[in-house]
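Data block below; observations after.
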Amino acid sequence: MGDYDSCFAYSRVTGTWRPLEGAHPYEGTVGEICEAPELKVELCVAAQRMEETIAVIRAVHPYEMPAIYALPLIGGI
């Protein structure tokens, strides 16, 4: 972002989920609603590195399906 790198923000949140039949949850029990503290991380990624970044997140994240939202920024980076 301009003359800066390694820029990100994080927020402490409470996550809730219910693993369904066939899931292999990192935390929680199939069929039961679970709740735990989590961190929400926000960062800027150049469009040409988006696929690579998402692949790395999925490779290191313990959840089967991490929530990843990619939103384009006006003006880009």
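Labels used: A, B, ... for chains in the order of the structure tokens, numbers from 1 for residues in each chain, and numbers from 1 for ligands as shown.
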
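Proximity to His24 in chain A at 12 Å, evaluated using only C-alpha atoms and with sequence-adjacent residues fewer than 6 positions away removed, yields A:Arg18, A:Val30, A:Gly31, A:Pro62, A:Tyr63, A:Glu64, A:Met65.
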
For this session: Could you pull out the residues in chain A that DSSP calls strand (DSSP E or B) from the backbone, as number ranges by chain?
Result: A: 8-17, 34-43

Selection from above, N, CA, C and O atoms, as a CSV table (one decimal), in the first residue's frame, can you write it?
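Just written: out.csv:
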```
chain,number,residue,atom,x,y,z
A,8,PHE,N,-1.9,-5.2,7.6
A,8,PHE,CA,-3.1,-5.9,7.9
A,8,PHE,C,-3.7,-5.5,9.2
A,8,PHE,O,-3.1,-4.7,9.9
A,9,ALA,N,-5.0,-5.8,9.4
A,9,ALA,CA,-5.6,-5.5,10.6
A,9,ALA,C,-6.3,-6.8,11.1
A,9,ALA,O,-6.7,-7.7,10.3
A,10,TYR,N,-6.5,-6.9,12.4
A,10,TYR,CA,-7.2,-8.1,12.9
A,10,TYR,C,-8.2,-7.6,14.0
A,10,TYR,O,-7.9,-6.6,14.7
A,11,SER,N,-9.3,-8.4,14.2
A,11,SER,CA,-10.3,-8.1,15.2
A,11,SER,C,-10.6,-9.4,15.9
A,11,SER,O,-10.7,-10.5,15.3
A,12,ARG,N,-10.8,-9.3,17.2
A,12,ARG,CA,-11.2,-10.5,17.9
A,12,ARG,C,-12.7,-10.6,17.8
A,12,ARG,O,-13.5,-9.6,17.9
A,13,VAL,N,-13.2,-11.8,17.4
A,13,VAL,CA,-14.6,-12.1,17.2
A,13,VAL,C,-15.0,-13.4,17.8
A,13,VAL,O,-14.1,-14.2,18.2
A,14,THR,N,-16.3,-13.7,17.9
A,14,THR,CA,-16.7,-15.0,18.4
A,14,THR,C,-17.3,-15.6,17.1
A,14,THR,O,-18.3,-15.1,16.5
A,15,GLY,N,-16.8,-16.8,16.8
A,15,GLY,CA,-17.3,-17.6,15.7
A,15,GLY,C,-18.3,-18.6,16.1
A,15,GLY,O,-18.2,-19.2,17.2
A,16,THR,N,-19.3,-18.9,15.4
A,16,THR,CA,-20.3,-20.0,15.6
A,16,THR,C,-20.4,-20.8,14.4
A,16,THR,O,-20.4,-20.3,13.3
A,17,TRP,N,-20.6,-22.1,14.6
A,17,TRP,CA,-20.8,-23.0,13.4
A,17,TRP,C,-21.4,-24.4,13.9
A,17,TRP,O,-21.3,-24.6,15.1
A,34,CYS,N,-21.4,-24.9,17.8
A,34,CYS,CA,-20.1,-24.6,18.5
A,34,CYS,C,-19.9,-23.1,18.5
A,34,CYS,O,-20.4,-22.4,17.6
A,35,GLU,N,-19.1,-22.6,19.5
A,35,GLU,CA,-18.8,-21.2,19.6
A,35,GLU,C,-17.4,-21.1,20.2
A,35,GLU,O,-17.0,-21.9,21.1
A,36,ALA,N,-16.6,-20.2,19.6
A,36,ALA,CA,-15.2,-20.1,20.1
A,36,ALA,C,-14.7,-18.7,19.7
A,36,ALA,O,-15.1,-18.2,18.7
A,37,PRO,N,-13.7,-18.2,20.4
A,37,PRO,CA,-13.1,-16.9,20.0
A,37,PRO,C,-12.2,-17.2,18.8
A,37,PRO,O,-11.6,-18.2,18.6
A,38,GLU,N,-12.2,-16.2,17.9
A,38,GLU,CA,-11.5,-16.3,16.6
A,38,GLU,C,-10.9,-14.9,16.3
A,38,GLU,O,-11.3,-13.9,16.9
A,39,LEU,N,-10.0,-14.9,15.4
A,39,LEU,CA,-9.5,-13.6,14.9
A,39,LEU,C,-9.9,-13.4,13.4
A,39,LEU,O,-9.8,-14.4,12.6
A,40,LYS,N,-10.4,-12.3,13.1
A,40,LYS,CA,-10.8,-11.9,11.7
A,40,LYS,C,-9.6,-11.1,11.2
A,40,LYS,O,-9.2,-10.1,11.8
A,41,VAL,N,-9.0,-11.5,10.1
A,41,VAL,CA,-7.8,-10.8,9.6
A,41,VAL,C,-8.2,-10.1,8.2
A,41,VAL,O,-8.9,-10.8,7.4
A,42,GLU,N,-7.8,-8.9,8.1
A,42,GLU,CA,-8.1,-8.2,6.8
A,42,GLU,C,-6.7,-7.7,6.3
A,42,GLU,O,-5.9,-7.2,7.0
A,43,LEU,N,-6.5,-7.9,5.0
A,43,LEU,CA,-5.3,-7.5,4.3
A,43,LEU,C,-5.6,-7.1,2.9
A,43,LEU,O,-6.6,-7.5,2.3
```

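Here CA of Glu52 in chain A stands at a distance of 15.3 Å from CA of Pro66 in chain A.
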
Problem set entry | Gly75 in chain A environment, 12 Å, only C-alpha atoms, sequence neighbours closer than 3 positions dropped, as a PyMOL selection string | chain A and resi 1-2+46-47+72

For this session: as a PyMOL selection string, please: all residues of chain A that backbone DSSP puts in helix (DSSP H, G or I).
Result: chain A and resi 47-60

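CA of Leu73 in chain A is positioned 8.7 Å from CA of Cys44 in chain A.
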
For this session: For CA of Asp3 in chain A and CA of Ile68 in chain A, quote the distance in Å rounded to one decimal.
Result: 25.9 Å
